[in-house]
Amino acid sequence: MRIDIVALHDLVARILVRAGLSAENAAVVASVVVAAERDGTVSHGLFRLPGYLATLRSGWVDGHAVPTVTQVAPSLLLADARNGFAQVALAAARDRLGAMARAQGMAALCTGNAHHFAALWPDIEPFAEAGLIALTVLNSRSRIVVFGGRRKVLGTNPIAFACPRGDGPPLVWDQATSVVAQGEVLRARQAGHAVPAGVGVDASGRPTTDPAAILDGGALLPFGGHKGATIALMIEVLAGALSGGRFGFEDRSAEYPGAQTSNGGQFVLLIDPARTAGAGFTQRVDMLVAMLREAGSERLPSDARHARRLAAKDGIEISDHAHAELLAMSGEGAAPEAALQ
């Protein structure tokens, strides 16, 4: 069936409210879930809903948290998510952060005591649509083993970048510092198929293509060997230490059965390109993109997502079974056999 995007957002929001989020917080979280589903980032779309519900019901996250945002320097904001979702803290700081970037040329936000369980690009794409360059990083619970270590210390620690263009939508990319995101390994386990070689190791440190062995006591590997590992380390500092949040190895979610999110931090940096390259900035970016395409790069970051977004203007296709499960989650229908996870 095809469901209207607004209708799907409202349904997801009702599900989240039923699970323990306030209406205000649910609206923010539902937006990123639906955006991911709409644009084809399915590992962070409806697929994640059961994890949100389990986490909320475990008591690990405060669904009614009201973040505090404090300006600690002319171009620096510090947010305490109060054990709520990071997107809610970003929403509370968004307008102020953008205005500071315009006034100062750049601005940063450090958010601590936060949970993030969604794709990272929805956090920053709106800034690029408004003409700002945006970079964000996020630390998570320990999931990768690095530098020949014997156990996990660093998280998959994603990084996302968004840049305005003059001729087309923003250039946006979002990637984990592991070879693949954990969500892809979760989907592989659900589907019952192997992951590519080099993705992870089992509990004994042996290479494996079994997603269950990686997720149950094993570990993911960083992309690019030590190069990806150093980026993950940098993100642990920027998102964890700088925000006053938890490091990945300080995770306590195991004390809350069912909890799937990480309590960590997020760092957002905005730059106003009008202060440097002036009005010609977007034309320069367009030139760069044109040269990449001329060189044979037929698909650039965010092209596929924007194509799917255009295709979804009349709604998102989901199975009747998945829709029935969503209705059951909201309390508006009977529970079918599991379809989403």
# chains A, B, ... in the order shown; residues from 1 in each chain; ligands from 1
>>> select_by_dssp(residues="range 86-248 of chain A", states="alpha helix (DSSP H)", output="PyMOL selection string")
chain A and resi 86-104+121-129+182-191+211-215+226-235
>>> residues_around(residues="Ser262 in chain A", least_positions_apart="6", cutoff="7 Å", atoms="only C-alpha atoms", output="PyMOL selection string")
chain A and resi 115-116+140-141+251
>>> residues_around(residues="Pro301 in chain A", least_positions_apart="5", cutoff="7 Å", atoms="only C-alpha atoms", output="number ranges by chain")
A: 171-173
>>> write_last_selection(atoms="N, CA, C and O atoms", output="PDB file, in the first residue's frame")
ATOM      1  N   LEU A 171      24.664  18.855  -1.197  1.00  0.00           N
ATOM      2  CA  LEU A 171      25.526  17.680  -1.244  1.00  0.00           C
ATOM      3  C   LEU A 171      25.650  17.165   0.186  1.00  0.00           C
ATOM      4  O   LEU A 171      26.146  17.879   1.065  1.00  0.00           O
ATOM      5  N   VAL A 172      25.178  15.962   0.445  1.00  0.00           N
ATOM      6  CA  VAL A 172      25.112  15.443   1.818  1.00  0.00           C
ATOM      7  C   VAL A 172      25.618  14.008   1.854  1.00  0.00           C
ATOM      8  O   VAL A 172      25.253  13.196   0.990  1.00  0.00           O
ATOM      9  N   TRP A 173      26.461  13.697   2.810  1.00  0.00           N
ATOM     10  CA  TRP A 173      26.818  12.301   3.037  1.00  0.00           C
ATOM     11  C   TRP A 173      26.835  11.989   4.518  1.00  0.00           C
ATOM     12  O   TRP A 173      26.965  12.868   5.362  1.00  0.00           O
TER      13      TRP A 173
END
>>> atom_distance(atom1="CA of Thr156 in chain A", atom2="CA of Ala239 in chain A")
12.4 Å
